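The data block below is coords33.cif; it holds mmCIF, C-alpha atoms.
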data_protein
#
loop_
_atom_site.label_atom_id
_atom_site.label_comp_id
_atom_site.auth_asym_id
_atom_site.auth_seq_id
_atom_site.Cartn_x
_atom_site.Cartn_y
_atom_site.Cartn_z
CA MET Q 121 -44.35 -130.80 158.53
CA ILE Q 122 -46.04 -127.74 156.99
CA THR Q 123 -42.69 -125.99 156.46
CA ALA Q 124 -41.21 -128.99 154.60
CA LEU Q 125 -44.30 -129.28 152.41
CA ALA Q 126 -44.31 -125.54 151.68
CA ARG Q 127 -40.68 -125.69 150.56
CA THR Q 128 -41.43 -128.63 148.27
CA ALA Q 129 -44.48 -126.91 146.79
CA GLN Q 130 -42.55 -123.70 146.20
CA ARG Q 131 -39.82 -125.53 144.28
CA GLN Q 132 -42.26 -127.59 142.23
CA LEU Q 133 -44.85 -125.07 141.01
CA ASN Q 134 -47.26 -125.93 143.85
CA MET Q 135 -47.10 -129.68 143.25
CA ALA Q 136 -45.82 -132.69 145.16
CA THR Q 137 -45.57 -136.44 144.69
CA TYR Q 138 -47.12 -138.99 147.02
CA HIS Q 139 -43.63 -139.95 148.20
CA GLN Q 140 -42.81 -136.33 149.03
CA LEU Q 141 -46.10 -135.81 150.87
CA ARG Q 142 -45.50 -138.88 153.00
CA GLN Q 143 -41.92 -137.79 153.68
CA ALA Q 144 -43.31 -134.44 154.83
CA GLY Q 145 -45.41 -136.31 157.40
CA ILE Q 146 -48.79 -136.12 155.66
CA PRO Q 147 -50.84 -139.27 156.48
CA ALA Q 148 -52.12 -141.33 153.58
CA ALA Q 149 -55.72 -140.77 154.69
CA THR Q 150 -55.18 -137.00 154.64
CA ILE Q 151 -53.74 -137.13 151.13
CA SER Q 152 -56.74 -139.14 149.95
CA GLY Q 153 -59.23 -136.84 151.69
CA ARG Q 154 -57.76 -133.59 150.43
CA SER Q 155 -57.63 -134.83 146.83
CA ARG Q 156 -61.29 -135.86 146.67
CA ARG Q 157 -63.80 -133.89 144.61
CA GLU Q 158 -64.30 -130.39 146.03
CA GLY Q 159 -61.15 -130.87 148.11
CA PRO Q 160 -58.26 -128.35 148.22
CA TRP Q 161 -55.89 -130.61 146.24
CA GLN Q 162 -56.08 -132.35 142.86
CA ARG Q 163 -54.64 -135.66 141.72
CA LEU Q 164 -53.21 -134.83 138.28
CA LEU Q 165 -51.49 -138.16 137.65
CA PRO Q 166 -50.87 -141.32 139.66
CA ARG Q 167 -48.88 -140.23 142.74
CA VAL Q 168 -48.76 -136.57 141.59
CA TYR Q 169 -50.84 -133.89 143.34
CA LEU Q 170 -51.56 -130.24 142.58
CA LEU Q 171 -51.87 -128.39 145.88
CA GLN Q 172 -54.48 -125.87 144.70
CA THR Q 173 -58.10 -125.77 143.57
CA GLY Q 174 -57.62 -123.97 140.23
CA PRO Q 175 -56.72 -125.78 136.98
CA PRO Q 176 -53.03 -126.44 136.22
CA ASP Q 177 -51.29 -124.15 133.75
CA THR Q 178 -49.01 -125.32 130.94
CA ARG Q 179 -45.88 -125.30 133.10
CA GLN Q 180 -47.57 -127.31 135.85
CA GLN Q 181 -48.85 -129.88 133.37
CA ALA Q 182 -45.35 -130.27 131.95
CA LEU Q 183 -43.70 -130.58 135.36
CA SER Q 184 -46.36 -133.04 136.54
CA ALA Q 185 -45.20 -135.40 133.79
CA VAL Q 186 -41.62 -135.22 135.07
CA LEU Q 187 -42.75 -135.71 138.68
CA TYR Q 188 -44.67 -138.81 137.61
CA ALA Q 189 -41.79 -140.33 135.64
CA ALA Q 190 -38.90 -139.49 137.99
CA HIS Q 191 -37.54 -142.08 140.40
CA PRO Q 192 -39.44 -141.71 143.71
CA ALA Q 193 -36.24 -141.52 145.75
CA ALA Q 194 -34.54 -138.93 143.50
CA ASP Q 195 -34.95 -135.17 143.39
CA PRO Q 196 -37.30 -134.80 140.38
CA LEU Q 197 -35.92 -131.34 139.60
CA SER Q 198 -32.39 -132.65 139.16
CA GLY Q 199 -33.06 -133.97 135.67
CA ALA Q 200 -31.12 -137.10 136.60
CA THR Q 201 -33.90 -139.68 136.19
CA ALA Q 202 -36.60 -137.91 134.13
CA ALA Q 203 -36.69 -134.96 131.74
CA LEU Q 204 -39.29 -133.45 129.43
CA THR Q 205 -38.51 -133.86 125.73
CA GLY Q 206 -40.12 -133.76 122.29
CA GLY Q 207 -42.72 -131.24 121.22
CA ALA Q 208 -43.74 -130.41 124.79
CA ALA Q 209 -40.21 -129.24 125.69
CA LEU Q 210 -39.90 -127.27 122.45
CA ALA Q 211 -43.32 -125.66 122.97
CA LEU Q 212 -42.33 -124.66 126.50
CA LEU Q 213 -39.23 -123.07 124.98
CA GLY Q 214 -41.41 -121.10 122.55
CA ILE Q 215 -40.47 -122.95 119.35
CA ARG Q 216 -43.03 -122.06 116.70
CA ASP Q 217 -45.36 -124.90 115.58
CA ALA Q 218 -44.13 -127.25 118.34
CA PRO Q 219 -47.22 -129.01 119.78
CA PRO Q 220 -47.56 -128.87 123.59
CA GLY Q 221 -48.72 -132.46 123.79
CA PRO Q 222 -48.42 -135.34 124.27
CA LEU Q 223 -46.00 -134.99 127.15
CA ASP Q 224 -42.97 -137.07 126.20
CA VAL Q 225 -40.63 -137.69 129.14
CA LEU Q 226 -37.22 -139.32 128.93
CA VAL Q 227 -36.73 -141.89 131.67
CA ARG Q 228 -33.33 -143.30 132.53
CA ALA Q 229 -33.29 -147.01 131.64
CA PRO Q 230 -33.95 -149.64 132.84
CA ARG Q 231 -36.95 -147.97 134.51
CA SER Q 232 -40.05 -147.98 132.32
CA PRO Q 233 -43.13 -146.48 134.00
CA ALA Q 234 -46.49 -146.97 132.31
CA ALA Q 235 -48.10 -144.25 130.21
CA ALA Q 236 -50.64 -142.17 132.10
CA GLY Q 237 -52.99 -139.55 130.71
CA ARG Q 238 -51.05 -137.42 128.21
CA VAL Q 239 -47.70 -138.63 129.56
CA ARG Q 240 -45.58 -140.90 127.34
CA PRO Q 241 -42.50 -142.20 129.20
CA CYS Q 242 -39.56 -142.81 126.86
CA PRO Q 243 -36.95 -145.07 128.47
CA THR Q 244 -33.43 -144.45 127.19
CA SER Q 245 -29.88 -145.52 128.00
CA ARG Q 246 -28.53 -142.56 125.98
CA TRP Q 247 -29.08 -139.97 128.71
CA PRO Q 248 -28.72 -136.36 127.51
CA ALA Q 249 -27.48 -133.21 129.19
CA THR Q 250 -30.51 -131.46 130.67
CA ILE Q 251 -31.56 -127.87 131.27
CA HIS Q 252 -34.45 -126.19 133.06
CA ILE Q 253 -37.09 -124.54 130.88
CA SER Q 254 -39.46 -122.41 132.96
CA GLY Q 255 -38.60 -124.56 135.97
CA VAL Q 256 -39.13 -127.89 134.20
CA PRO Q 257 -36.18 -130.32 133.78
CA SER Q 258 -35.90 -130.82 130.03
CA ALA Q 259 -33.65 -132.23 127.36
CA ARG Q 260 -31.69 -129.63 125.41
CA PRO Q 261 -33.44 -128.36 122.26
CA ILE Q 262 -31.31 -130.49 119.92
CA ARG Q 263 -32.29 -133.74 121.71
CA ALA Q 264 -35.91 -132.61 122.14
CA ALA Q 265 -36.09 -131.93 118.40
CA ALA Q 266 -34.70 -135.36 117.56
CA ASP Q 267 -37.11 -137.08 119.96
CA PHE Q 268 -39.99 -135.11 118.45
CA ALA Q 269 -39.01 -136.18 114.94
CA ALA Q 270 -38.78 -139.81 116.05
CA ARG Q 271 -42.38 -139.85 117.28
CA THR Q 272 -44.18 -137.68 114.70
CA ASP Q 273 -45.63 -138.94 111.43
CA ASP Q 274 -46.67 -135.55 109.99
CA ALA Q 275 -43.87 -134.79 107.51
CA ASP Q 276 -44.72 -131.08 107.20
CA LEU Q 277 -44.81 -130.68 110.98
CA VAL Q 278 -41.42 -132.38 111.34
CA ARG Q 279 -40.00 -130.12 108.63
CA SER Q 280 -41.43 -126.97 110.22
CA VAL Q 281 -40.40 -127.70 113.81
CA LEU Q 282 -36.85 -128.76 112.92
CA ALA Q 283 -36.48 -125.66 110.74
CA ASN Q 284 -37.70 -123.41 113.56
CA VAL Q 285 -35.26 -124.98 116.04
CA VAL Q 286 -32.37 -124.22 113.68
CA GLN Q 287 -33.74 -120.83 112.62
CA GLY Q 288 -34.06 -119.83 116.28
CA GLY Q 289 -30.36 -120.47 116.79
CA TRP Q 290 -30.85 -123.36 119.23
CA CYS Q 291 -28.52 -125.66 117.28
CA HIS Q 292 -26.49 -125.91 114.08
CA PRO Q 293 -28.04 -128.01 111.29
CA HIS Q 294 -25.00 -130.29 111.11
CA ASP Q 295 -25.23 -130.96 114.87
CA LEU Q 296 -28.95 -131.68 114.55
CA HIS Q 297 -28.20 -134.06 111.68
CA ALA Q 298 -25.68 -135.89 113.87
CA GLU Q 299 -28.21 -136.09 116.74
CA LEU Q 300 -30.86 -137.50 114.43
CA ARG Q 301 -28.40 -140.12 113.28
CA ALA Q 302 -27.29 -140.94 116.81
CA GLY Q 303 -30.93 -141.48 117.75
CA ARG Q 304 -31.32 -143.82 114.76
CA VAL Q 305 -34.24 -141.81 113.37
CA ARG Q 306 -32.59 -140.23 110.31
CA GLY Q 307 -33.68 -143.19 108.18
CA ARG Q 308 -37.32 -142.10 108.40
CA PRO Q 309 -38.24 -140.42 105.08
CA ALA Q 310 -39.70 -137.28 106.67
CA VAL Q 311 -36.71 -136.87 108.98
CA ARG Q 312 -34.12 -137.44 106.28
CA ALA Q 313 -35.81 -134.95 103.95
CA ALA Q 314 -35.99 -132.30 106.68
CA ALA Q 315 -32.35 -132.86 107.70
CA ALA Q 316 -31.14 -132.63 104.10
CA GLU Q 317 -33.03 -129.37 103.61
CA LEU Q 318 -31.56 -127.82 106.75
CA VAL Q 319 -28.00 -128.70 105.82
CA ALA Q 320 -28.62 -127.32 102.32
CA GLY Q 321 -29.74 -124.04 103.89
CA VAL Q 322 -33.54 -124.41 103.74
CA ARG Q 323 -35.27 -122.91 106.78
CA SER Q 324 -39.05 -123.22 106.25
CA ILE Q 325 -41.79 -125.40 104.80
CA ALA Q 326 -42.22 -122.96 101.89
CA GLU Q 327 -38.50 -123.14 101.10
CA GLY Q 328 -38.65 -126.92 101.33
CA ARG Q 329 -41.46 -127.03 98.80
CA ALA Q 330 -39.55 -124.63 96.56
CA ARG Q 331 -36.51 -126.91 96.74
CA GLU Q 332 -38.63 -129.92 95.78
CA THR Q 333 -40.24 -127.98 92.92
CA LEU Q 334 -36.87 -126.82 91.57
CA ALA Q 335 -35.35 -130.29 91.89
CA ALA Q 336 -37.98 -131.58 89.45
CA THR Q 337 -36.84 -129.11 86.74
CA ASP Q 338 -33.72 -128.61 84.67
CA LEU Q 339 -32.92 -125.31 86.41
CA PRO Q 340 -29.55 -125.10 88.18
CA ALA Q 341 -29.56 -125.56 91.95
CA PRO Q 342 -29.47 -122.30 93.92
CA LEU Q 343 -27.86 -121.44 97.24
CA TRP Q 344 -30.43 -121.29 100.05
CA ASN Q 345 -30.44 -118.34 102.46
CA ALA Q 346 -27.07 -117.08 101.24
CA ARG Q 347 -25.96 -113.80 102.81
CA LEU Q 348 -25.35 -111.20 100.11
CA HIS Q 349 -22.99 -108.25 100.66
CA ALA Q 350 -22.09 -105.14 98.69
CA PRO Q 351 -18.49 -104.71 97.51
CA ASP Q 352 -17.79 -102.52 100.55
CA GLY Q 353 -18.90 -105.35 102.87
CA ALA Q 354 -22.30 -103.90 103.77
CA PHE Q 355 -24.97 -106.55 104.25
CA LEU Q 356 -27.73 -106.39 101.62
CA ALA Q 357 -30.12 -109.28 102.17
CA SER Q 358 -30.45 -113.03 102.55
CA PRO Q 359 -32.90 -114.17 99.85
CA ASP Q 360 -34.58 -117.53 100.17
CA ALA Q 361 -32.78 -118.82 97.06
CA TYR Q 362 -29.95 -117.29 95.03
CA TRP Q 363 -28.38 -118.29 91.72
CA LEU Q 364 -24.79 -117.15 92.00
CA GLU Q 365 -23.74 -117.23 88.34
CA GLU Q 366 -26.84 -115.50 86.97
CA GLY Q 367 -27.41 -113.09 89.89
CA VAL Q 368 -31.05 -114.11 90.37
CA ALA Q 369 -32.85 -114.22 93.72
CA LEU Q 370 -36.11 -115.88 94.75
CA GLU Q 371 -38.07 -114.32 97.62
CA ILE Q 372 -40.97 -116.27 99.16
CA ASP Q 373 -43.01 -113.65 101.00
CA SER Q 374 -45.65 -115.01 103.36
CA ALA Q 375 -48.60 -112.75 104.24
CA GLU Q 376 -48.15 -113.89 107.85
CA TYR Q 377 -44.90 -111.92 108.05
CA HIS Q 378 -45.87 -109.01 105.82
CA TYR Q 379 -49.34 -107.94 106.98
CA THR Q 380 -48.19 -104.67 108.58
CA ARG Q 381 -47.11 -101.59 106.67
CA ASP Q 382 -43.67 -101.58 108.29
CA ALA Q 383 -43.07 -105.24 107.42
CA TRP Q 384 -44.15 -104.72 103.82
CA GLN Q 385 -41.96 -101.64 103.46
CA ALA Q 386 -39.01 -103.57 104.90
CA THR Q 387 -39.59 -106.26 102.26
CA LEU Q 388 -39.67 -103.69 99.47
CA HIS Q 389 -36.55 -101.97 100.83
CA ARG Q 390 -34.70 -105.30 100.84
CA ARG Q 391 -35.72 -105.89 97.25
CA LEU Q 392 -34.58 -102.38 96.25
CA ARG Q 393 -31.17 -103.00 97.85
CA LEU Q 394 -30.77 -106.16 95.80
CA GLU Q 395 -31.98 -104.60 92.55
CA SER Q 396 -29.74 -101.56 93.02
CA ARG Q 397 -26.77 -103.93 92.85
CA GLY Q 398 -28.03 -105.69 89.75
CA VAL Q 399 -29.71 -108.72 91.33
CA LEU Q 400 -32.82 -109.88 89.45
CA VAL Q 401 -35.55 -110.71 91.98
CA ALA Q 402 -38.52 -113.06 91.51
CA SER Q 403 -41.15 -112.74 94.25
CA THR Q 404 -43.81 -115.30 95.11
CA THR Q 405 -45.91 -116.49 98.05
CA PRO Q 406 -46.22 -119.96 99.61
CA GLY Q 407 -49.71 -120.19 98.11
CA LEU Q 408 -48.57 -119.40 94.58
CA LEU Q 409 -45.68 -121.80 94.93
CA ARG Q 410 -48.08 -124.52 96.00
CA ASP Q 411 -50.95 -123.83 93.57
CA ARG Q 412 -49.16 -122.38 90.51
CA PRO Q 413 -45.61 -123.75 90.55
CA ALA Q 414 -45.36 -123.64 86.75
CA ASP Q 415 -45.80 -119.84 86.80
CA VAL Q 416 -43.03 -119.47 89.38
CA ILE Q 417 -40.70 -121.71 87.37
CA ALA Q 418 -41.47 -119.78 84.15
CA ALA Q 419 -40.60 -116.48 85.85
CA LEU Q 420 -37.36 -117.90 87.23
CA ARG Q 421 -36.43 -119.40 83.88
CA ALA Q 422 -36.88 -116.01 82.17
CA LEU Q 423 -34.79 -114.20 84.78
CA LEU Q 424 -32.03 -116.82 84.61
CA VAL Q 425 -31.86 -116.34 80.84
CA LEU Q 426 -31.59 -112.57 81.33
CA GLY Q 427 -28.99 -112.97 84.04
CA ALA Q 428 -26.83 -115.33 81.99
CA ALA Q 429 -26.91 -112.91 79.04
CA ARG Q 430 -25.65 -109.88 80.99
CA PRO Q 431 -22.13 -108.71 80.18
CA ALA Q 432 -21.31 -108.00 83.84
CA PRO Q 433 -22.33 -109.88 87.01
CA PRO Q 434 -24.20 -108.10 89.84
CA GLN Q 435 -22.17 -106.15 92.37
CA VAL Q 436 -22.68 -108.55 95.27
CA THR Q 437 -20.68 -111.24 97.04
CA THR Q 438 -21.83 -114.20 99.13
CA ARG Q 439 -20.27 -114.75 102.52
CA GLY Q 440 -20.53 -117.31 105.27
CA HIS Q 441 -22.38 -119.86 103.15
CA THR Q 442 -21.43 -123.42 102.30
CA GLN Q 443 -23.66 -125.56 100.13
CA LEU Q 444 -23.60 -129.19 101.21
CA GLU Q 445 -25.41 -132.37 100.24
CA LEU Q 446 -26.09 -135.39 102.44
CA PRO Q 447 -25.42 -138.62 100.55
CA LEU Q 448 -26.97 -141.88 101.66
CA PRO Q 449 -24.55 -143.76 103.94
CA PRO Q 450 -23.22 -147.11 102.70
CA ALA Q 451 -25.29 -150.09 103.80
CA SER Q 452 -22.35 -151.34 105.87
CA ALA Q 453 -21.82 -148.04 107.68
CA PRO Q 454 -22.34 -148.21 111.46
CA PRO Q 455 -25.51 -146.32 112.51
CA LEU Q 456 -23.78 -144.14 115.08
CA SER Q 457 -20.84 -142.92 113.02
CA ALA Q 458 -20.41 -139.25 112.25
CA PRO Q 459 -22.45 -137.97 109.30
CA THR Q 460 -20.74 -137.94 105.93
CA VAL Q 461 -20.94 -134.75 103.89
CA CYS Q 462 -19.39 -133.81 100.62
CA ALA Q 463 -18.96 -130.63 98.64
CA PRO Q 464 -21.31 -130.11 95.70
CA PRO Q 465 -20.11 -130.57 92.15
CA ALA Q 466 -18.56 -127.54 90.51
CA TYR Q 467 -21.25 -125.13 89.33
CA ALA Q 468 -21.53 -124.79 85.57
CA PRO Q 469 -24.12 -122.42 84.06
CA LYS Q 470 -26.30 -124.09 81.48
CA ALA Q 471 -26.52 -122.93 77.88
CA ARG Q 472 -28.76 -119.94 77.48
CA ASP Q 473 -31.41 -121.76 75.48
CA THR Q 474 -31.79 -124.49 78.08
CA VAL Q 475 -31.85 -122.40 81.29
#
Show me, as structure tokens, the structure contained in the file I just sent.
Amino acid sequence: MITALARTAQRQLNMATYHQLRQAGIPAATISGRSRREGPWQRLLPRVYLLQTGPPDTRQQALSAVLYAAHPAADPLSGATAALTGGAALALLGIRDAPPGPLDVLVRAPRSPAAAGRVRPCPTSRWPATIHISGVPSARPIRAAADFAARTDDADLVRSVLANVVQGGWCHPHDLHAELRAGRVRGRPAVRAAAAELVAGVRSIAEGRARETLAATDLPAPLWNARLHAPDGAFLASPDAYWLEEGVALEIDSAEYHYTRDAWQATLHRRLRLESRGVLVASTTPGLLRDRPADVIAALRALLVLGAARPAPPQVTTRGHTQLELPLPPASAPPLSAPTVCAPPAYAPKARDTV
């Protein structure tokens, strides 16, 4: 009896379900007695017990949600009947800005357990491939991101978390866009805006705001996060926005990433590399972009005029970058069809006096 329970506890971060305890031969009265106040066990959720006196850590809280939602007769660690998803799964993975709660758990339909504590069961017939994150059965990041977007009303938080999932290399923006559409959540305004930004190359809230600010002007649309190379192929930099015809770059430098001397010097070195090849660089911060957008636009307008007037373009090339737009699907289009993308219109520099 003790050996079976020890094996279960070792696999499940020192936790067990009521069903597992009974299977291990623990009488119901013993379970109830040990989980009373001042007892050696704790009842975290209905039918889920923590076999220790100390408080549960983040991993144990996350796994307790899966133990609660999984089918009693199934191995809860298999990921076959319950899996962590949403912000909790992304936070466990270390995705920046992903909130650790509530604990959203996918449950294989038709089962639909009731919500309990911070646990929100999410029944689904579209069962995803699952992975283990720190020992917790979880949906893959792309599905967790889509589920998070479906249940979050904060537009900036949706934009930030989706951008961080893509920026971290956990999925390609086109694949995330397809997942959002498959989950029938892309129609939400915040989700659609975030998906369009990611496919266009935007990778942060600050870049998203810059894109919105620029879209409200007559300035030409830039490439976002284009990779710039010297003629010999050496990588120079990847500015936040780049105007190809005029050779103008916009850098949005957050104090959060530039508060050390080394980080600031790296930023200056990147700017010097660009300027040494003839790229005109406008620098701003998220705060200036938010509070004084007219000043940023005026600086960009002046640099674009200078860039358009130069006899020779800068000595840089862009590689590995495709600018795409996401048009609205026709009203008759089926909701689960593959996303439609189209190439942008041919770029044409504006007349010098209107740039």
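For the pair atom CA of Q:Thr201 and atom CA of Q:Ala124, the interatomic distance is 22.5 Å.
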Requested in this report: List the residues matched by the PyMOL selection byres ((chain Q and resi 365) around 10) in the displayed structure as a ChimeraX atom specification, ordered by chain and then by residue number.
Outcome: /Q:340,342,362-364,366-368,424,427-428,433-434,467-469
Report task. I need the residue set behind the PyMOL selection byres ((chain Q and resi 326) around 12) for this file; please write it as a ChimeraX atom specification. Result -> /Q:276,279-280,283,317,322-325,327-333,360-361,370-374,404-410,413
Requested in this report: Starting from the point (-46.8, -123.3, 143.6), work out which residues of protein, DNA or RNA have an atom no more than 12 Å away when counting only C-alpha atoms; state them as a PyMOL selection string.
Outcome: chain Q and resi 125-136+161+169-174+176-177+179-180+183+255
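Atom pair atom CA of Q:Val281 / atom CA of Q:Ala313: separated by 13.1 Å.
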**Report entry** Protein and nucleic acid residues near (-29.6, -129.3, 110.8) (cut-off 12 Å, only C-alpha atoms) as a ChimeraX atom specification
**Finding:** /Q:262,265-266,279,281-301,306,311-323,444-446,459
Output file for the selection above: C-alpha atoms, as a PDB file, in the coordinates of the input:
ATOM      1  CA  ILE Q 262     -31.310-130.490 119.920  1.00  0.00           C
ATOM      2  CA  ALA Q 265     -36.090-131.930 118.400  1.00  0.00           C
ATOM      3  CA  ALA Q 266     -34.700-135.360 117.560  1.00  0.00           C
ATOM      4  CA  ARG Q 279     -40.000-130.120 108.630  1.00  0.00           C
ATOM      5  CA  VAL Q 281     -40.400-127.700 113.810  1.00  0.00           C
ATOM      6  CA  LEU Q 282     -36.850-128.760 112.920  1.00  0.00           C
ATOM      7  CA  ALA Q 283     -36.480-125.660 110.740  1.00  0.00           C
ATOM      8  CA  ASN Q 284     -37.700-123.410 113.560  1.00  0.00           C
ATOM      9  CA  VAL Q 285     -35.260-124.980 116.040  1.00  0.00           C
ATOM     10  CA  VAL Q 286     -32.370-124.220 113.680  1.00  0.00           C
ATOM     11  CA  GLN Q 287     -33.740-120.830 112.620  1.00  0.00           C
ATOM     12  CA  GLY Q 288     -34.060-119.830 116.280  1.00  0.00           C
ATOM     13  CA  GLY Q 289     -30.360-120.470 116.790  1.00  0.00           C
ATOM     14  CA  TRP Q 290     -30.850-123.360 119.230  1.00  0.00           C
ATOM     15  CA  CYS Q 291     -28.520-125.660 117.280  1.00  0.00           C
ATOM     16  CA  HIS Q 292     -26.490-125.910 114.080  1.00  0.00           C
ATOM     17  CA  PRO Q 293     -28.040-128.010 111.290  1.00  0.00           C
ATOM     18  CA  HIS Q 294     -25.000-130.290 111.110  1.00  0.00           C
ATOM     19  CA  ASP Q 295     -25.230-130.960 114.870  1.00  0.00           C
ATOM     20  CA  LEU Q 296     -28.950-131.680 114.550  1.00  0.00           C
ATOM     21  CA  HIS Q 297     -28.200-134.060 111.680  1.00  0.00           C
ATOM     22  CA  ALA Q 298     -25.680-135.890 113.870  1.00  0.00           C
ATOM     23  CA  GLU Q 299     -28.210-136.090 116.740  1.00  0.00           C
ATOM     24  CA  LEU Q 300     -30.860-137.500 114.430  1.00  0.00           C
ATOM     25  CA  ARG Q 301     -28.400-140.120 113.280  1.00  0.00           C
ATOM     26  CA  ARG Q 306     -32.590-140.230 110.310  1.00  0.00           C
ATOM     27  CA  VAL Q 311     -36.710-136.870 108.980  1.00  0.00           C
ATOM     28  CA  ARG Q 312     -34.120-137.440 106.280  1.00  0.00           C
ATOM     29  CA  ALA Q 313     -35.810-134.950 103.950  1.00  0.00           C
ATOM     30  CA  ALA Q 314     -35.990-132.300 106.680  1.00  0.00           C
ATOM     31  CA  ALA Q 315     -32.350-132.860 107.700  1.00  0.00           C
ATOM     32  CA  ALA Q 316     -31.140-132.630 104.100  1.00  0.00           C
ATOM     33  CA  GLU Q 317     -33.030-129.370 103.610  1.00  0.00           C
ATOM     34  CA  LEU Q 318     -31.560-127.820 106.750  1.00  0.00           C
ATOM     35  CA  VAL Q 319     -28.000-128.700 105.820  1.00  0.00           C
ATOM     36  CA  ALA Q 320     -28.620-127.320 102.320  1.00  0.00           C
ATOM     37  CA  GLY Q 321     -29.740-124.040 103.890  1.00  0.00           C
ATOM     38  CA  VAL Q 322     -33.540-124.410 103.740  1.00  0.00           C
ATOM     39  CA  ARG Q 323     -35.270-122.910 106.780  1.00  0.00           C
ATOM     40  CA  LEU Q 444     -23.600-129.190 101.210  1.00  0.00           C
ATOM     41  CA  GLU Q 445     -25.410-132.370 100.240  1.00  0.00           C
ATOM     42  CA  LEU Q 446     -26.090-135.390 102.440  1.00  0.00           C
ATOM     43  CA  PRO Q 459     -22.450-137.970 109.300  1.00  0.00           C
TER      44      PRO Q 459
END
Report task. Find the distance between atom CA of Q:Pro431 and atom CA of Q:Val416 and write it in Å to one decimal. Result -> 25.2 Å
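If you count only C-alpha atoms and ignore residues fewer than 4 places along the chain from Q:Ala185, what sits within 8 Å of it is Q:Leu165, Q:Gln181, Q:Ala189, Q:Leu204, Q:Leu223, Q:Val225, Q:Val239.
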Quick one: which residues end up in the PyMOL selection byres ((chain Q and resi 244) around 8) for this structure, as a PDB file with C-alpha atoms, in the frame of the given file?
ATOM      1  CA  LEU Q 226     -37.220-139.320 128.930  1.00  0.00           C
ATOM      2  CA  VAL Q 227     -36.730-141.890 131.670  1.00  0.00           C
ATOM      3  CA  ARG Q 228     -33.330-143.300 132.530  1.00  0.00           C
ATOM      4  CA  ALA Q 229     -33.290-147.010 131.640  1.00  0.00           C
ATOM      5  CA  PRO Q 230     -33.950-149.640 132.840  1.00  0.00           C
ATOM      6  CA  CYS Q 242     -39.560-142.810 126.860  1.00  0.00           C
ATOM      7  CA  PRO Q 243     -36.950-145.070 128.470  1.00  0.00           C
ATOM      8  CA  SER Q 245     -29.880-145.520 128.000  1.00  0.00           C
ATOM      9  CA  ARG Q 246     -28.530-142.560 125.980  1.00  0.00           C
ATOM     10  CA  TRP Q 247     -29.080-139.970 128.710  1.00  0.00           C
TER      11      TRP Q 247
END
Query raised in the report: Pick from Q:Ala402, Q:Val256, Q:Ala236, Q:Ala190: nearest to Q:Ala208, with all atoms listed in the file counted?
Result: Q:Val256
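Counting all atoms listed in the file and comparing Q:Ala193, Q:Leu187, Q:Val436, Q:Ala144, the residue that lies closest to Q:Leu164 is Q:Leu187.
With distances restricted to only C-alpha atoms, Q:Val278 is the closest residue to Q:Arg216 from Q:His139, Q:Val278, Q:Ile151, Q:Ala270.
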